[in-house]
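Below is work02.cif, which holds mmCIF, C-alpha atoms.
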```
data_target
#
loop_
_atom_site.label_atom_id
_atom_site.label_comp_id
_atom_site.auth_asym_id
_atom_site.auth_seq_id
_atom_site.Cartn_x
_atom_site.Cartn_y
_atom_site.Cartn_z
CA MET B 692 0.00 0.00 0.00
CA LYS B 693 1.41 3.32 -1.05
CA HIS B 694 1.68 6.17 1.40
CA SER B 695 -0.18 9.43 0.75
CA ALA B 696 -0.29 12.90 2.18
CA LEU B 697 -2.91 15.69 2.34
CA THR B 698 -2.09 18.32 -0.27
CA LEU B 699 -3.74 21.64 -1.19
CA LEU B 700 -3.81 22.36 -4.93
CA SER B 701 -4.35 26.04 -5.69
CA PHE B 702 -5.55 27.50 -9.00
CA GLU B 703 -6.02 31.20 -9.61
CA GLY B 704 -7.47 33.25 -12.43
CA PRO B 705 -9.09 36.61 -13.08
CA GLY B 706 -11.69 37.12 -10.38
CA PHE B 707 -11.29 33.76 -8.62
CA ARG B 708 -9.02 31.59 -6.52
CA PHE B 709 -9.76 27.89 -6.22
CA VAL B 710 -8.20 25.66 -3.57
CA TYR B 711 -8.60 21.89 -3.98
CA PRO B 712 -7.71 19.71 -0.91
CA CYS B 713 -6.74 16.12 -1.74
CA ARG B 714 -4.75 13.21 -0.38
CA LEU B 715 -2.29 12.28 -3.10
CA PRO B 716 -0.61 8.90 -3.41
CA TYR B 717 3.09 9.14 -4.09
CA THR B 718 2.89 8.10 -7.76
CA SER B 719 3.38 10.32 -10.76
CA ALA B 720 0.42 8.74 -12.62
CA ALA B 721 -1.96 9.42 -9.79
CA MET B 722 -0.64 12.94 -9.48
CA LYS B 723 -1.29 13.54 -13.19
CA ARG B 724 -4.86 12.25 -12.96
CA VAL B 725 -5.70 14.50 -10.02
CA MET B 726 -3.99 17.48 -11.57
CA PHE B 727 -5.94 16.99 -14.79
CA GLY B 728 -9.29 16.74 -12.98
CA ALA B 729 -8.57 19.76 -10.87
CA ALA B 730 -7.54 21.75 -13.93
CA VAL B 731 -10.82 20.91 -15.69
CA LEU B 732 -12.78 21.97 -12.59
CA ALA B 733 -10.81 25.20 -12.40
CA LEU B 734 -11.57 25.99 -16.03
CA SER B 735 -15.28 25.41 -15.36
CA VAL B 736 -15.18 27.81 -12.45
CA ALA B 737 -13.36 30.37 -14.56
CA SER B 738 -15.96 30.02 -17.30
CA ALA B 739 -18.81 30.49 -14.82
CA VAL B 740 -17.19 33.59 -13.37
CA ALA B 741 -16.67 35.03 -16.82
CA SER B 742 -20.29 34.37 -17.72
CA ALA B 743 -21.45 36.04 -14.54
CA GLY B 744 -19.40 39.08 -15.44
CA CYS B 745 -21.03 39.26 -18.88
CA SER B 746 -24.57 39.06 -17.44
CA ARG B 747 -24.12 41.95 -15.05
CA ASN B 748 -26.09 44.16 -17.45
CA ASN B 749 -29.02 41.77 -17.12
CA ILE B 750 -29.03 42.18 -13.36
CA GLU B 751 -28.75 45.96 -13.56
CA ALA B 752 -31.60 46.01 -16.08
CA VAL B 753 -33.88 44.13 -13.69
CA ASN B 754 -32.92 46.46 -10.84
CA LEU B 755 -33.75 49.51 -12.95
CA ALA B 756 -37.07 47.98 -14.00
CA ASN B 757 -37.94 47.37 -10.36
CA GLU B 758 -37.21 51.03 -9.63
CA GLY B 759 -39.47 51.96 -12.52
CA ASP B 760 -42.28 49.84 -11.07
CA LYS B 761 -42.12 51.86 -7.85
CA GLU B 762 -42.39 55.18 -9.73
CA ARG B 763 -45.10 54.21 -12.20
CA SER B 764 -48.11 55.33 -10.19
CA SER B 765 -46.66 58.68 -9.10
CA ASN B 766 -44.07 59.61 -11.73
CA ILE B 767 -44.72 58.03 -15.10
CA ASP B 768 -41.93 59.97 -16.83
CA GLY B 769 -39.45 58.78 -14.23
CA ALA B 770 -40.67 55.21 -14.65
CA ILE B 771 -40.30 55.44 -18.43
CA SER B 772 -36.74 56.70 -18.02
CA LYS B 773 -35.89 53.72 -15.80
CA TYR B 774 -37.48 51.25 -18.20
CA GLU B 775 -35.69 52.78 -21.18
CA GLN B 776 -32.34 52.51 -19.41
CA ALA B 777 -33.14 48.91 -18.51
CA VAL B 778 -34.01 48.04 -22.11
CA ASN B 779 -30.77 49.60 -23.33
CA LEU B 780 -28.83 47.40 -20.91
CA ASP B 781 -30.74 44.25 -21.82
CA PRO B 782 -32.74 44.52 -25.06
CA THR B 783 -33.59 40.79 -24.88
CA ASN B 784 -35.70 41.09 -21.71
CA HIS B 785 -39.17 41.10 -23.25
CA ARG B 786 -40.88 41.51 -19.88
CA ILE B 787 -39.17 44.86 -19.39
CA LEU B 788 -40.20 45.84 -22.93
CA TYR B 789 -43.79 45.03 -21.96
CA LYS B 790 -43.52 47.25 -18.89
CA LEU B 791 -42.15 50.04 -21.06
CA GLY B 792 -45.00 49.59 -23.53
CA HIS B 793 -47.57 49.86 -20.74
CA ALA B 794 -45.89 53.01 -19.44
CA TYR B 795 -46.05 54.57 -22.92
CA GLN B 796 -49.73 53.53 -23.06
CA LYS B 797 -50.41 55.49 -19.88
CA LYS B 798 -49.09 58.60 -21.66
CA GLU B 799 -51.00 57.66 -24.83
CA ALA B 800 -47.73 57.67 -26.78
CA TRP B 801 -49.20 55.16 -29.19
CA ASP B 802 -46.40 55.22 -31.74
CA LYS B 803 -43.91 54.27 -29.04
CA VAL B 804 -46.24 51.60 -27.67
CA ALA B 805 -46.46 50.01 -31.13
CA SER B 806 -42.72 50.08 -31.81
CA THR B 807 -41.87 48.77 -28.33
CA MET B 808 -44.30 45.87 -28.62
CA ALA B 809 -42.94 45.02 -32.07
CA ARG B 810 -39.54 44.59 -30.41
CA ALA B 811 -41.03 42.42 -27.67
CA GLU B 812 -42.76 40.23 -30.27
CA LYS B 813 -39.47 39.48 -31.97
CA VAL B 814 -37.91 38.35 -28.71
CA ALA B 815 -40.96 36.40 -27.48
CA PRO B 816 -43.27 35.61 -30.42
CA LYS B 817 -45.60 33.38 -28.36
CA PHE B 818 -46.84 36.05 -25.94
CA ALA B 819 -50.36 37.05 -26.99
CA ASN B 820 -50.46 40.16 -24.77
CA TYR B 821 -47.61 41.73 -26.73
CA PHE B 822 -49.54 41.44 -30.00
CA PHE B 823 -52.72 42.70 -28.35
CA LEU B 824 -51.06 45.83 -27.00
CA HIS B 825 -49.39 46.37 -30.39
CA GLY B 826 -52.76 46.09 -32.16
CA LEU B 827 -54.45 48.37 -29.63
CA ALA B 828 -51.77 51.01 -30.18
CA ALA B 829 -52.08 50.74 -33.96
CA ALA B 830 -55.85 51.17 -33.70
CA ARG B 831 -55.47 54.29 -31.56
CA GLN B 832 -53.00 55.68 -34.08
CA ALA B 833 -55.46 54.98 -36.90
CA ALA B 834 -58.25 56.78 -35.05
CA ALA B 835 -56.08 59.88 -34.87
CA GLY B 836 -54.54 59.41 -38.35
CA PRO B 837 -52.68 59.18 -40.59
CA THR B 838 -51.91 55.45 -40.14
CA SER B 839 -54.24 52.80 -41.56
CA TRP B 840 -56.72 50.66 -39.66
CA SER B 841 -55.30 47.67 -41.48
CA ASP B 842 -52.07 48.12 -39.48
CA ALA B 843 -53.96 47.04 -36.37
CA LYS B 844 -55.62 44.00 -37.92
CA GLY B 845 -52.58 41.68 -38.10
CA PRO B 846 -51.35 42.06 -34.50
CA LEU B 847 -54.88 41.64 -33.11
CA GLU B 848 -55.50 38.53 -35.17
CA GLU B 849 -52.18 37.07 -34.00
CA ALA B 850 -53.07 37.83 -30.37
CA ILE B 851 -56.36 35.96 -30.78
CA LYS B 852 -54.61 33.07 -32.51
CA LEU B 853 -52.20 32.74 -29.57
CA ASP B 854 -54.89 33.25 -26.91
CA PRO B 855 -58.56 33.32 -27.97
CA ASN B 856 -59.59 34.17 -24.40
CA ILE B 857 -58.50 37.83 -24.60
CA ALA B 858 -61.95 39.41 -24.86
CA ASP B 859 -60.59 42.90 -25.48
CA ALA B 860 -58.66 41.62 -28.51
CA HIS B 861 -61.92 40.39 -30.07
CA PHE B 862 -63.59 43.72 -29.32
CA GLU B 863 -60.75 45.81 -30.74
CA LEU B 864 -60.66 43.62 -33.85
CA ALA B 865 -64.40 44.22 -34.28
CA GLU B 866 -63.82 47.97 -34.12
CA VAL B 867 -61.04 47.66 -36.71
CA MET B 868 -63.13 45.54 -39.08
CA LEU B 869 -66.00 48.01 -38.80
CA ARG B 870 -63.65 50.82 -39.92
CA LEU B 871 -62.49 48.58 -42.77
CA ASP B 872 -66.16 48.31 -43.90
CA ASP B 873 -66.43 44.61 -43.13
CA GLU B 874 -69.64 44.62 -41.06
CA LYS B 875 -69.99 40.83 -41.01
CA ALA B 876 -66.49 40.35 -39.59
CA ALA B 877 -67.19 43.13 -37.07
CA ILE B 878 -70.39 41.43 -35.89
CA ASP B 879 -68.57 38.10 -35.54
CA SER B 880 -65.82 39.68 -33.44
CA TYR B 881 -68.25 41.66 -31.25
CA ASN B 882 -70.12 38.43 -30.53
CA LYS B 883 -66.89 36.59 -29.70
CA ALA B 884 -65.94 39.37 -27.28
CA ILE B 885 -69.31 39.03 -25.54
CA MET B 886 -69.08 35.23 -25.42
CA THR B 887 -65.59 35.47 -23.93
CA LYS B 888 -66.56 38.03 -21.27
CA PRO B 889 -70.36 38.32 -21.07
CA ASP B 890 -70.37 40.57 -18.01
CA GLU B 891 -68.53 43.39 -19.83
CA LEU B 892 -71.40 45.75 -20.69
CA SER B 893 -69.28 48.01 -22.90
CA PHE B 894 -69.17 45.25 -25.53
CA TYR B 895 -72.95 45.23 -26.09
CA GLY B 896 -73.65 48.81 -27.16
CA PRO B 897 -71.46 48.88 -30.28
CA LEU B 898 -72.88 45.56 -31.51
CA ALA B 899 -76.47 46.72 -30.96
CA ASP B 900 -75.73 50.06 -32.63
CA LEU B 901 -74.33 48.24 -35.68
CA TYR B 902 -77.41 46.01 -35.86
CA ILE B 903 -79.67 49.09 -35.76
CA ARG B 904 -77.73 50.80 -38.54
CA LEU B 905 -78.08 47.61 -40.61
CA ASN B 906 -81.83 47.70 -39.82
CA HIS B 907 -81.69 44.52 -37.73
CA VAL B 908 -83.66 46.09 -34.90
CA ALA B 909 -84.90 42.84 -33.37
CA GLU B 910 -81.35 41.50 -33.09
CA ALA B 911 -80.24 44.78 -31.51
CA GLU B 912 -82.98 44.62 -28.89
CA THR B 913 -82.06 41.02 -28.04
CA VAL B 914 -78.44 42.03 -27.50
CA LEU B 915 -79.43 44.95 -25.26
CA ARG B 916 -81.85 42.87 -23.17
CA GLU B 917 -79.07 40.35 -22.66
CA ALA B 918 -76.79 43.17 -21.51
CA LEU B 919 -79.25 44.25 -18.83
CA GLN B 920 -78.88 40.84 -17.18
CA PHE B 921 -75.35 41.89 -16.23
CA GLY B 922 -76.13 45.53 -15.47
CA LYS B 923 -74.99 46.88 -12.12
CA GLU B 924 -75.69 50.19 -10.46
CA GLY B 925 -73.02 52.71 -11.41
CA ASP B 926 -71.85 50.95 -14.57
CA LYS B 927 -71.35 53.75 -17.09
CA ALA B 928 -71.92 51.38 -20.01
CA LEU B 929 -75.61 51.34 -19.05
CA PHE B 930 -75.85 54.78 -20.65
CA ALA B 931 -75.37 53.33 -24.14
CA VAL B 932 -77.61 50.33 -23.43
CA HIS B 933 -80.58 52.41 -22.25
CA SER B 934 -80.03 55.09 -24.92
CA LEU B 935 -80.24 52.46 -27.66
CA LEU B 936 -83.29 50.85 -26.07
CA GLY B 937 -84.88 54.31 -26.05
CA ASP B 938 -84.09 54.66 -29.75
CA ILE B 939 -85.72 51.30 -30.45
CA ALA B 940 -88.82 52.37 -28.48
CA ASP B 941 -88.95 55.58 -30.56
CA ARG B 942 -88.87 53.50 -33.75
CA LYS B 943 -91.83 51.54 -32.41
CA ASN B 944 -93.66 54.78 -31.53
CA ASP B 945 -93.76 53.72 -27.90
CA SER B 946 -93.26 57.14 -26.28
CA GLY B 947 -93.80 55.95 -22.73
CA LYS B 948 -91.16 53.25 -23.04
CA ALA B 949 -88.80 55.69 -24.75
CA VAL B 950 -89.12 58.11 -21.81
CA SER B 951 -88.33 55.42 -19.23
CA GLU B 952 -85.29 54.24 -21.17
CA TYR B 953 -83.96 57.76 -21.74
CA GLU B 954 -84.49 58.58 -18.07
CA ALA B 955 -82.46 55.46 -17.17
CA ALA B 956 -79.75 56.52 -19.63
CA LYS B 957 -79.51 59.99 -18.11
CA LYS B 958 -79.33 58.50 -14.63
CA ALA B 959 -76.50 56.21 -15.77
CA CYS B 960 -74.36 59.07 -17.06
CA GLY B 961 -74.91 61.34 -14.05
CA ALA B 962 -73.91 64.86 -15.05
CA CYS B 963 -73.51 63.59 -18.62
CA ASN B 964 -70.49 65.81 -19.23
CA GLU B 965 -68.30 63.28 -21.02
CA PRO B 966 -68.02 63.50 -24.84
CA GLY B 967 -71.13 62.08 -26.49
CA GLN B 968 -73.21 61.92 -23.33
CA GLN B 969 -74.83 65.34 -23.76
CA ILE B 970 -77.17 63.77 -26.31
CA ALA B 971 -79.03 62.43 -23.25
CA PHE B 972 -80.58 65.88 -22.71
CA PHE B 973 -81.87 66.03 -26.28
CA ASN B 974 -83.19 62.46 -26.23
CA LEU B 975 -85.06 62.94 -22.99
CA GLY B 976 -86.38 66.39 -23.93
CA ALA B 977 -87.67 65.09 -27.25
CA ALA B 978 -89.27 62.08 -25.54
CA TYR B 979 -91.08 64.31 -23.01
CA ALA B 980 -92.31 66.49 -25.89
CA SER B 981 -93.63 63.43 -27.76
CA LEU B 982 -95.90 62.26 -24.94
CA ASN B 983 -99.64 62.79 -25.19
CA PRO B 984 -100.07 65.11 -23.49
CA PRO B 985 -96.48 66.40 -23.56
CA ARG B 986 -94.62 67.11 -20.34
CA LYS B 987 -93.86 70.65 -21.44
CA SER B 988 -91.83 72.08 -18.59
CA GLU B 989 -89.63 68.99 -18.31
CA ALA B 990 -89.17 68.87 -22.06
CA MET B 991 -88.15 72.54 -22.19
CA ALA B 992 -85.69 72.12 -19.31
CA GLN B 993 -83.90 69.24 -21.02
CA LEU B 994 -83.85 70.90 -24.44
CA GLN B 995 -82.57 74.14 -22.90
CA SER B 996 -79.71 72.25 -21.27
CA PHE B 997 -78.87 70.66 -24.61
CA GLN B 998 -78.99 74.07 -26.29
CA LYS B 999 -76.50 75.56 -23.82
CA MET B 1000 -74.13 72.60 -23.72
CA ILE B 1001 -74.04 71.71 -27.41
CA CYS B 1002 -75.77 74.12 -29.77
CA LYS B 1003 -73.82 77.13 -28.52
CA GLY B 1004 -70.53 75.31 -28.31
CA ALA B 1005 -67.86 73.72 -30.48
CA ALA B 1006 -69.96 70.58 -31.07
CA ALA B 1007 -72.84 72.51 -32.68
CA GLN B 1008 -71.92 71.49 -36.21
CA ARG B 1009 -71.67 67.82 -35.27
CA TYR B 1010 -75.17 67.91 -33.77
CA ALA B 1011 -76.68 70.35 -36.27
CA ASP B 1012 -79.76 68.19 -36.94
CA GLN B 1013 -80.52 67.77 -33.23
CA CYS B 1014 -80.03 71.50 -32.58
CA THR B 1015 -82.53 72.32 -35.33
CA THR B 1016 -85.01 69.75 -34.04
CA ALA B 1017 -84.65 71.08 -30.48
CA GLN B 1018 -85.66 74.57 -31.65
CA GLN B 1019 -88.62 73.16 -33.56
CA LEU B 1020 -89.79 71.16 -30.55
CA ALA B 1021 -89.50 74.22 -28.30
CA THR B 1022 -91.61 76.27 -30.71
CA ARG B 1023 -94.26 73.54 -30.84
CA LEU B 1024 -94.34 73.55 -27.04
CA GLY B 1025 -94.87 77.30 -27.07
CA GLY B 1026 -91.39 78.34 -25.89
CA THR B 1027 -87.99 79.35 -27.18
CA LEU B 1028 -84.47 78.20 -26.46
CA GLN B 1029 -81.98 80.83 -25.35
#
```
Kindly return the structure encoded in the file as structure tokens.
Amino acid sequence: MKHSALTLLSFEGPGFRFVYPCRLPYTSAAMKRVMFGAAVLALSVASAVASAGCSRNNIEAVNLANEGDKERSSNIDGAISKYEQAVNLDPTNHRILYKLGHAYQKKEAWDKVASTMARAEKVAPKFANYFFLHGLAAARQAAAGPTSWSDAKGPLEEAIKLDPNIADAHFELAEVMLRLDDEKAAIDSYNKAIMTKPDELSFYGPLADLYIRLNHVAEAETVLREALQFGKEGDKALFAVHSLLGDIADRKNDSGKAVSEYEAAKKACGACNEPGQQIAFFNLGAAYASLNPPRKSEAMAQLQSFQKMICKGAAAQRYADQCTTAQQLATRLGGTLQ
């Protein structure tokens, strides 16, 4: 039996020092085998250290992104700055790109949202949310011009292909297809949005409105009645639902039903000071005037409010027909609008 002794083998390199304790037999062959094994282990350690040094940017990027998360609610510009720095350090971190895209969305910088999500898609092409946010941004750009609605179609379709359970993607695609004059595709996508998330009332109004414009009034009423099953007090989407039901009642010459629906619509929008909601005053005033006998004072009060809010403001041209009708109704009731 050969004698042996405890020996410390030391290997050093840039950024590391490795000490390997072993009991070596006094033979040159054994010494060579141990030396070779230790050398291989040392090279592995050196490689790991080198790799860690190269990935330092990745760590710093995550740290910066975490700082951005803390600032997002109170200082969106500061958060964007942190995210941008993080992306520059590690452009392959698609989760940070997604955070940056959301921060741009908060500022409605839609061009930057779209370009950022396009970068994220290239890194992680199986993430449906990236394509959805890209498509949403492209649609918002198209609404403002000069980009095309067709730019939003592809990303939204890809989002749905990857995850058909994103209800908002179906809804946004419906809006895009409507602008591209494909009503059938729009109806299909609106219905898919509703089937995916039936308790989202904001999906029902646009579908019902499209049915009415296509003269499918019965289908529109069915959609709106279904929406009411999910209606909750305070849901602002009830404004559109009740307004459209009031319109359907008007078409059926059911003045009493029209009044109750328009009253519910006005209640749903509260002060009705958001864009498009001021029509509630005209609808309700006209409905009061159409009763037999008419509710004159209430009709005049609503029409007067509409006159002040719309017909004497910047939106007068947009609502020119309603402003003219309001004056005619006031005259028929024996009054004038100031």
Using only C-alpha atoms, which of B:Glu863, B:Glu891, B:Glu965, B:Asp938 sits nearest Glu952 of chain B?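 Distance minimum relative to Glu952 of chain B lands on B:Asp938.
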Can you give me, as a ChimeraX atom specification, the residues this file yields under the PyMOL selection byres ((chain B and resi 985) around 12)? /B:946-947,950,975-984,986-991,1020-1021,1023-1025
Determine, counting only C-alpha atoms, which protein, DNA and RNA residues have an atom within 10 Å of an atom of segment 751-760 of chain B; residues of the same chain fewer than 5 positions away are not included. Present the result as a VMD selection string. chain B and resid 746 766 to 782 784 786 to 788 790 to 791 794
Neighbour list for Glu812 of chain B as a ChimeraX atom specification, cut-off 9 Å, only C-alpha atoms, skip fewer than 5 positions in-chain: /B:785,807,817-819,821-822
With the file shown as input, list the residues that the PyMOL selection byres ((chain B and resi 833) around 12) selects, as an MDAnalysis selection string. chainID B and resid 801:802 805 826:832 834:844 866:867 870:871
For the residues in that selection, give me C-alpha atoms as a short mmCIF file (atom, residue, chain, number, x, y, z; two decimals), in the coordinates of the input.
```cif
data_model
loop_
_atom_site.label_atom_id
_atom_site.label_comp_id
_atom_site.auth_asym_id
_atom_site.auth_seq_id
_atom_site.Cartn_x
_atom_site.Cartn_y
_atom_site.Cartn_z
CA TRP B 801 -49.20 55.16 -29.19
CA ASP B 802 -46.40 55.22 -31.74
CA ALA B 805 -46.46 50.01 -31.13
CA GLY B 826 -52.76 46.09 -32.16
CA LEU B 827 -54.45 48.37 -29.63
CA ALA B 828 -51.77 51.01 -30.18
CA ALA B 829 -52.08 50.74 -33.96
CA ALA B 830 -55.85 51.17 -33.70
CA ARG B 831 -55.47 54.29 -31.56
CA GLN B 832 -53.00 55.68 -34.08
CA ALA B 834 -58.25 56.78 -35.05
CA ALA B 835 -56.08 59.88 -34.87
CA GLY B 836 -54.54 59.41 -38.35
CA PRO B 837 -52.68 59.18 -40.59
CA THR B 838 -51.91 55.45 -40.14
CA SER B 839 -54.24 52.80 -41.56
CA TRP B 840 -56.72 50.66 -39.66
CA SER B 841 -55.30 47.67 -41.48
CA ASP B 842 -52.07 48.12 -39.48
CA ALA B 843 -53.96 47.04 -36.37
CA LYS B 844 -55.62 44.00 -37.92
CA GLU B 866 -63.82 47.97 -34.12
CA VAL B 867 -61.04 47.66 -36.71
CA ARG B 870 -63.65 50.82 -39.92
CA LEU B 871 -62.49 48.58 -42.77
#
```
Around all of segment 921-926 of chain B's listed atoms, make the axis-aligned box with 5 Å on each side and tell me centre and edge lengths in Å to one decimal, as AutoDock Vina command-line options.
```
--center_x -74.0 --center_y 47.3 --center_z -13.3 --size_x 14.3 --size_y 20.8 --size_z 15.8
```
Give me, please, the distance in Å between atom CA of Ser880 of chain B and atom CA of Leu864 of chain B, quoted to one decimal.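 Straight-line distance from atom CA of Ser880 of chain B to atom CA of Leu864 of chain B works out to 6.5 Å.
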Could you check how far atom CA of Asp879 of chain B sits from atom CA of Asn856 of chain B, in Å to one decimal? 14.8 Å
So which one's closest to Ala899 of chain B, B:Ile1001, B:Ile851, B:Ile885, B:Ala1011? Using only C-alpha atoms, please. B:Ile885
If we count all atoms listed in the file and set the cut-off at 9 Å, which residues sit around Thr887 of chain B, ignoring sequence neighbours fewer than 6 positions away in its own chain? Please answer as a ChimeraX atom specification. /B:855-858,861
Tell me which residues the PyMOL selection byres ((chain B and resi 963) around 12) grabs here, as number ranges by chain. B: 927, 930-931, 956-962, 964-973, 996-997, 1000-1001
Tell me which protein, DNA and RNA residues are within 12 Å of Tyr895 of chain B, counting only C-alpha atoms, leaving out same-chain ones fewer than 3 positions away, and put them as number ranges by chain. B: 862, 865, 878, 880-886, 888-892, 898-902, 910-922, 928-933, 935-936
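For the pair atom CA of Arg810 of chain B and atom CA of His825 of chain B, the interatomic distance is 10.0 Å.
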From B:Leu824, B:Ala949, B:Cys1014, B:Met868, residue lying nearest Ser806 of chain B [all atoms listed in the file]: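 Of B:Leu824, B:Ala949, B:Cys1014, B:Met868, the one nearest Ser806 of chain B, counting all atoms listed in the file, is B:Leu824.
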